[in-house]
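Notes follow once the structure below has been shown.
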Amino acid sequence: MCGIIGYVGPTGTDVTTILLDGLARLEYRGYDSAGIAVLTTAGRLELHRRAGKLANLVTMLKNGSRPAPGTLGIGHTRWATHGRPDDTNAHPHPDCTGLLTVVHNGIVENYAELRQELMLAGHTFRSETDTEVLSHLIESYYFGEAQHDLEMSVRLALRRITGSYAIAVVSQEHPDLLIGARCNGPLIVGLGEHEQFLASDIPAILKHTRRIIILDEGEIAALRPDSVSITTLDGIVVKREPIVVDWDAEAAEKGGYPHFVLKEIYEQPQALRRALLGRIRDGQLHLAELTRMQQEGLLNNIQRIIIVACGTSYHAGLIAKYAIEQWARIPVEAVTAAEFRYSDPIVGPETLCIAVTQSGETADTLVGIRQAREHGAPVISITNVVASAITRLSDAVLYLQAGPEIGVVATKTFVTSVSVLSMLGLYLGQLRGRIPAAPMGEFLSALERLPDQIQHILDKASHSDDAIEPLAQHMAHSQSMMFIGRGVGYPTALEGALKLKEISYIHAEGFPAGELKHGSIALLDPETPLIAIATASHVYEKVVSNMQEVRARDARVIAIASEGDEGIRRHADDVLYVPATLEVFSPLLAIIPLQLFAYHTAVARGCNVDQPRNLAKSVTVE
């Protein structure tokens, strides 16, 4: 959840600016509080922390004592798990002596017993966090068994930890050494010229380097200005070549848009083109990433499929269920990862598990997929982040190619997830001989038209006479809204409701349209509008019937409909049109006005669109 940045370099560097700049690019990961620790040229480890958004820390430093240039520093933006968001609980957390300090992303599950042990040994705790246990535990080894060897102290301390972590540690006595370690939490090393970087996500360091090493589970990195060494917790040396990130720094900037969310909504046509690039060529489907699995026979005897995901990725999985079952005639179950991991799932070599996680680091998804692997299930992961944790648990990886997504709410990663899952469904259908050449050509042509069709919606939304923004402003006073759909329109309704509540804080629920009359229709009144996904489909008439039931209760009805459907106006108060496409791909178009509606509603309500309260981009804790 939280954001980590670390730096080690030559004497006299403006470390504070580097840390604050990195934190600004990581604030989407957590913004309950922020802090930095800088080892200045004078040899002092200066600690500055402030509750609230990063701007509070920046203002404090501007008006107070800004750290002098130095050689070393760590910074952190927090999403609170243990302890309320305040100055005391903000990271970094020092030890008793003030010589060591730690930032941490994750949860120390055995912190209570360790805290008690350390307090009995004379350590004084100042915060309510589980992280402070790490500071004092490292301290106990540093001044004891490890004899001031910082890397050894961290190694010994982490062997005592149960839970998840990504950490950065510095010591006043080691001005040229930055230690990082990870277990079930993302952490990367950035390689520079006579300087090195540590971060929890790529955007934090893109301004300085594109050469990165992604730490694997249970690894420790020792960074010095001119070297990086990686070892396991047991001290075994790890050799790993860096990868070169093809994003540029500008891709992670707003580019003139008022918010990242709006920028990323408008980036969806290009993101979708990248997702399709090379995978559809000359009217044929090419998923080279699955060649090895096919050659090894891992897909030959699949009898069922389980899609494991959370949030928006789960909604993409629900859409994929309809598509894969239609094309491959394999039973598909979409399960939220948190439920899957505790359900004692029945899986084996005959069950294909598909993990969908935009970050590749979602804690519940990772644990669930590990369970599936232990039972022999083949795994295909769908993610946006190269070499993320999920990729190392997978037999094959299908990358979204969406580019950096900074807004906390998923937009372009939803569209690319649905499209990549659709191509996977077509691949499985083709592999099983279920899709003749003619229908396959029709499906692929429809997929290739989608980027231009999305662009058409966005171009129309940019005109001053478009209906979406005025409608959103008018409905911004609502306290609750309901969304309905049938077939693939149902998960589209779920995703539309999720977008609205995530950034506007309006209560919203998505329902299968046929279920509305089985209780939930009691919630409808003139103050509770309903949004119906009513694009062209084999259940269109049924959706219209449900809309009529709603209008009979005097609730306002907003319809998402296919262009050319003038008849829908008789059944809705407002209509937002999208281009016509094949029914199975309709969510990729219907979601665009829903995203824009949520965005403009949130803006009208004065909400923080890019950093909605209580949310973080990557959920790396349970």
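Each chain of the structure tokens is named A, B, ... in the order shown, its residues numbered from 1; ligands are numbered from 1 in display order.
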With DSSP run on the backbone, what are the strand (DSSP E) residues within segment 149-277 of chain A? I'd like them as number ranges by chain. A: 163-171, 178-183, 188-191, 196-199, 211-214, 219-224, 227-232, 237-238, 243-244
Please produce an output containing C-alpha atoms for each residue in the selection, written as a compact mmCIF listing (two decimals), in the first residue's frame.
```txt
# COMPACT_ATOMS: atom_id res chain seq x y z
CA GLY A 163 3.99 -11.24 7.82
CA SER A 164 4.73 -9.06 4.82
CA TYR A 165 7.23 -6.31 4.29
CA ALA A 166 9.11 -4.08 1.95
CA ILE A 167 11.59 -2.02 3.95
CA ALA A 168 14.39 0.49 3.63
CA VAL A 169 16.92 0.96 6.43
CA VAL A 170 19.71 3.50 6.98
CA SER A 171 22.23 4.12 9.74
CA LEU A 178 21.15 1.79 1.96
CA ILE A 179 19.51 -1.54 2.80
CA GLY A 180 16.28 -2.77 1.23
CA ALA A 181 14.38 -6.04 1.62
CA ARG A 182 11.06 -7.52 0.55
CA CYS A 183 8.65 -10.30 1.37
CA ILE A 188 12.74 -2.23 -6.84
CA VAL A 189 16.31 -1.02 -7.18
CA GLY A 190 17.13 1.76 -9.63
CA LEU A 191 20.66 1.80 -11.05
CA GLN A 196 21.42 4.13 -6.53
CA PHE A 197 17.71 4.25 -5.80
CA LEU A 198 15.19 2.12 -3.93
CA ALA A 199 11.44 2.41 -4.48
CA ARG A 211 17.49 0.54 -15.41
CA ILE A 212 15.89 -1.38 -12.58
CA ILE A 213 16.22 -4.63 -10.69
CA ILE A 214 13.06 -6.07 -9.16
CA GLU A 219 15.82 -10.93 -0.86
CA ILE A 220 17.97 -8.18 0.65
CA ALA A 221 19.68 -5.48 -1.39
CA ALA A 222 22.71 -3.51 -0.19
CA LEU A 223 23.02 -0.30 -2.20
CA ARG A 224 26.20 1.81 -2.29
CA SER A 227 27.46 -0.96 -6.40
CA VAL A 228 24.41 -3.06 -5.64
CA SER A 229 24.55 -6.53 -4.11
CA ILE A 230 21.57 -8.83 -3.64
CA THR A 231 21.40 -11.82 -1.32
CA THR A 232 18.75 -14.06 0.17
CA VAL A 237 24.37 -14.26 -3.46
CA VAL A 238 21.80 -13.51 -6.18
CA ILE A 243 15.58 -4.61 -17.02
CA VAL A 244 15.07 -1.40 -18.96
```
Please return, as a ChimeraX atom specification, all residues of segment 156-370 of chain A that DSSP assigns to helix (DSSP H, G or I) on the basis of the backbone. /A:156-158,202-204,249-252,260-266,268-276,288-295,311-328,337-341,363-370
Fill in: Selection: 9 Å around segment 131-137 of chain A, only C-alpha atoms, excl. self and same-chain fewer than 5 positions, as a PyMOL selection string
chain A and resi 82+89+91-96+100-108+111-112+114-115+118+123-126+142+153-154+156-158+160-161+169
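The closest residue to Arg486 of chain A, picked from A:Ile390, A:Ala513, A:Leu318, A:Val58 and counting only C-alpha atoms, is A:Ala513.
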TODO: Would you kindly return, as a ChimeraX atom specification, each protein, DNA or RNA residue with an atom no farther than 7 Å from any atom of Ala446 of chain A, considering only C-alpha atoms and excluding same-chain residues fewer than 3 positions away?
DONE: /A:442-443,449-450,581-582
Keeping only all heavy atoms, take the residues you just selected and write them out as a tab-separated table (two decimals), in the first residue's frame.
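So the final result, stored in again18.tsv, reads:
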```
chain	number	residue	atom	x	y	z
A	442	GLU	N	-14.50	-12.30	-37.41
A	442	GLU	CA	-15.45	-11.27	-36.97
A	442	GLU	C	-15.10	-10.75	-35.58
A	442	GLU	O	-15.12	-9.55	-35.33
A	442	GLU	CB	-16.87	-11.85	-36.98
A	442	GLU	CG	-17.94	-10.82	-36.63
A	442	GLU	CD	-19.34	-11.43	-36.59
A	442	GLU	OE1	-19.47	-12.66	-36.82
A	442	GLU	OE2	-20.30	-10.69	-36.32
A	443	PHE	N	-14.75	-11.68	-34.68
A	443	PHE	CA	-14.38	-11.28	-33.32
A	443	PHE	C	-13.13	-10.40	-33.34
A	443	PHE	O	-13.07	-9.36	-32.66
A	443	PHE	CB	-14.14	-12.51	-32.45
A	443	PHE	CG	-15.38	-13.31	-32.14
A	443	PHE	CD1	-15.38	-14.68	-32.27
A	443	PHE	CD2	-16.54	-12.68	-31.73
A	443	PHE	CE1	-16.51	-15.44	-32.00
A	443	PHE	CE2	-17.69	-13.41	-31.45
A	443	PHE	CZ	-17.67	-14.79	-31.58
A	449	ARG	N	-11.54	-2.69	-33.96
A	449	ARG	CA	-12.29	-1.43	-34.11
A	449	ARG	C	-12.48	-0.69	-32.79
A	449	ARG	O	-12.78	0.51	-32.76
A	449	ARG	CB	-13.67	-1.71	-34.73
A	449	ARG	CG	-13.64	-2.08	-36.20
A	449	ARG	CD	-15.05	-2.01	-36.80
A	449	ARG	NE	-15.94	-3.00	-36.19
A	449	ARG	CZ	-16.09	-4.25	-36.63
A	449	ARG	NH1	-15.37	-4.69	-37.67
A	449	ARG	NH2	-16.95	-5.07	-36.04
A	450	LEU	N	-12.31	-1.38	-31.68
A	450	LEU	CA	-12.65	-0.80	-30.38
A	450	LEU	C	-11.85	0.46	-30.03
A	450	LEU	O	-12.42	1.42	-29.50
A	450	LEU	CB	-12.48	-1.86	-29.28
A	450	LEU	CG	-13.57	-2.94	-29.25
A	450	LEU	CD1	-13.17	-4.07	-28.32
A	450	LEU	CD2	-14.90	-2.33	-28.80
A	581	THR	N	-21.29	-2.54	-31.11
A	581	THR	CA	-20.25	-3.56	-31.28
A	581	THR	C	-20.88	-4.91	-30.97
A	581	THR	O	-22.07	-5.01	-30.61
A	581	THR	CB	-19.05	-3.29	-30.37
A	581	THR	OG1	-17.99	-4.21	-30.68
A	581	THR	CG2	-19.41	-3.45	-28.90
A	582	LEU	N	-20.10	-5.96	-31.08
A	582	LEU	CA	-20.59	-7.28	-30.67
A	582	LEU	C	-20.92	-7.26	-29.18
A	582	LEU	O	-20.22	-6.63	-28.38
A	582	LEU	CB	-19.55	-8.35	-30.97
A	582	LEU	CG	-19.16	-8.56	-32.44
A	582	LEU	CD1	-18.08	-9.62	-32.55
A	582	LEU	CD2	-20.38	-8.92	-33.27
```
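The environment of Glu361 of chain A within 7 Å, counting only C-alpha atoms and disregarding residues fewer than 5 places along the same chain, consists of A:Gly185, A:Pro186, A:Leu366, A:Ser388, A:Ala389, A:Ile390, A:Thr620.
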Restricted to N, CA and C atoms, what would the selected residues look like written as a compact mmCIF listing (two decimals), in the first residue's frame?
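File selection.txt, as written:
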```txt
# COMPACT_ATOMS: atom_id res chain seq x y z
N GLY A 185 5.84 -7.79 -0.62
CA GLY A 185 5.63 -6.36 -0.83
C GLY A 185 6.57 -5.88 -1.91
N PRO A 186 6.11 -5.08 -2.87
CA PRO A 186 6.96 -4.70 -4.00
C PRO A 186 8.11 -3.78 -3.60
N LEU A 366 -1.87 -13.01 -4.74
CA LEU A 366 -0.61 -13.75 -4.69
C LEU A 366 -0.75 -15.00 -3.83
N SER A 388 6.69 -8.29 -11.98
CA SER A 388 6.07 -8.18 -10.66
C SER A 388 5.94 -9.57 -10.04
N ALA A 389 5.55 -9.61 -8.78
CA ALA A 389 5.56 -10.88 -8.03
C ALA A 389 4.71 -11.96 -8.68
N ILE A 390 3.56 -11.58 -9.23
CA ILE A 390 2.66 -12.60 -9.80
C ILE A 390 3.31 -13.31 -10.97
N THR A 620 -1.21 -4.19 -1.08
CA THR A 620 -0.17 -5.18 -0.84
C THR A 620 -0.21 -5.75 0.57
```
Excluding Val335 of chain A and residues on its chain fewer than 4 positions from it, collect all residues at most 7 Å away from it, counting only C-alpha atoms, and give them as an mmCIF file with all heavy atoms, in the first residue's frame.
```
data_model
loop_
_atom_site.group_PDB
_atom_site.id
_atom_site.type_symbol
_atom_site.label_atom_id
_atom_site.label_comp_id
_atom_site.auth_asym_id
_atom_site.auth_seq_id
_atom_site.Cartn_x
_atom_site.Cartn_y
_atom_site.Cartn_z
ATOM 1 N N ILE A 307 -10.931 -17.694 -12.311
ATOM 2 C CA ILE A 307 -10.311 -16.375 -12.433
ATOM 3 C C ILE A 307 -10.251 -15.766 -11.037
ATOM 4 O O ILE A 307 -11.284 -15.603 -10.377
ATOM 5 C CB ILE A 307 -11.104 -15.468 -13.390
ATOM 6 C CG1 ILE A 307 -11.170 -16.104 -14.782
ATOM 7 C CG2 ILE A 307 -10.465 -14.080 -13.465
ATOM 8 C CD1 ILE A 307 -12.066 -15.363 -15.756
ATOM 9 N N VAL A 308 -9.042 -15.462 -10.587
ATOM 10 C CA VAL A 308 -8.814 -14.953 -9.241
ATOM 11 C C VAL A 308 -8.400 -13.485 -9.339
ATOM 12 O O VAL A 308 -7.423 -13.157 -10.022
ATOM 13 C CB VAL A 308 -7.719 -15.767 -8.520
ATOM 14 C CG1 VAL A 308 -7.520 -15.261 -7.102
ATOM 15 C CG2 VAL A 308 -8.073 -17.244 -8.514
ATOM 16 N N ALA A 309 -9.141 -12.615 -8.672
ATOM 17 C CA ALA A 309 -8.874 -11.184 -8.821
ATOM 18 C C ALA A 309 -9.564 -10.412 -7.703
ATOM 19 O O ALA A 309 -10.318 -10.981 -6.910
ATOM 20 C CB ALA A 309 -9.365 -10.690 -10.181
ATOM 21 N N GLU A 339 -11.629 -14.342 -0.923
ATOM 22 C CA GLU A 339 -12.474 -15.495 -0.649
ATOM 23 C C GLU A 339 -11.799 -16.783 -1.123
ATOM 24 O O GLU A 339 -11.864 -17.814 -0.454
ATOM 25 C CB GLU A 339 -13.831 -15.327 -1.337
ATOM 26 C CG GLU A 339 -14.702 -14.242 -0.738
ATOM 27 C CD GLU A 339 -15.015 -14.498 0.728
ATOM 28 O OE1 GLU A 339 -15.418 -15.631 1.066
ATOM 29 O OE2 GLU A 339 -14.845 -13.575 1.540
ATOM 30 N N PHE A 340 -11.153 -16.722 -2.259
ATOM 31 C CA PHE A 340 -10.506 -17.909 -2.818
ATOM 32 C C PHE A 340 -9.451 -18.465 -1.870
ATOM 33 O O PHE A 340 -9.385 -19.679 -1.634
ATOM 34 C CB PHE A 340 -9.875 -17.550 -4.166
ATOM 35 C CG PHE A 340 -9.154 -18.686 -4.832
ATOM 36 C CD1 PHE A 340 -9.862 -19.682 -5.486
ATOM 37 C CD2 PHE A 340 -7.771 -18.770 -4.811
ATOM 38 C CE1 PHE A 340 -9.201 -20.737 -6.114
ATOM 39 C CE2 PHE A 340 -7.101 -19.816 -5.430
ATOM 40 C CZ PHE A 340 -7.826 -20.802 -6.072
#
```
Pro587 of chain A proximity check over A:Gly22, A:Gly98, A:Gly606, A:Gly496, using only C-alpha atoms: winner is A:Gly496
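Residues surrounding Lys542 of chain A within 12 Å are Ile484, Gly485, Arg486, Gly487, Gly489, Pro512, Ala513, Gly514, Glu515, Ala532, Ile533, Ala534, Thr535, Ala536, Ser537, Met547, Gln548 and Glu549 of chain A [only C-alpha atoms; sequence separation below 5 positions excluded].
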Quick one: write out the picked residues with C-alpha atoms as a short mmCIF file (atom, residue, chain, number, x, y, z; two decimals), in the first residue's frame?
```cif
data_model
loop_
_atom_site.label_atom_id
_atom_site.label_comp_id
_atom_site.auth_asym_id
_atom_site.auth_seq_id
_atom_site.Cartn_x
_atom_site.Cartn_y
_atom_site.Cartn_z
CA ILE A 484 -28.29 -2.62 -13.43
CA GLY A 485 -27.36 -4.85 -16.35
CA ARG A 486 -27.83 -8.35 -17.71
CA GLY A 487 -25.25 -10.72 -19.14
CA GLY A 489 -23.92 -5.70 -18.72
CA PRO A 512 -28.25 -8.10 -12.13
CA ALA A 513 -31.29 -6.37 -13.64
CA GLY A 514 -33.55 -9.35 -13.02
CA GLU A 515 -32.70 -9.36 -9.32
CA ALA A 532 -29.13 0.87 -16.82
CA ILE A 533 -26.67 -0.81 -19.18
CA ALA A 534 -29.00 -1.17 -22.15
CA THR A 535 -26.69 -1.68 -25.12
CA ALA A 536 -27.75 -4.01 -27.94
CA SER A 537 -27.82 -7.60 -26.69
CA MET A 547 -36.25 -0.02 -16.69
CA GLN A 548 -40.03 0.29 -16.99
CA GLU A 549 -40.42 -1.21 -13.52
#
```
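Note that the spacing between atom CA of Ile324 of chain A and atom CA of Glu350 of chain A amounts to 16.1 Å.
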Min atom-atom distance to Ile406 of chain A from the set A:Leu72, A:Ile265, A:Leu530, A:Leu431, counting only C-alpha atoms, belongs to A:Ile265
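The gap separating atom CA of Thr365 of chain A from atom CA of Leu428 of chain A is 22.7 Å, in Å to one decimal.
In this structure, atom CA of Asp130 of chain A sits 11.8 Å away from atom CA of Arg84 of chain A.
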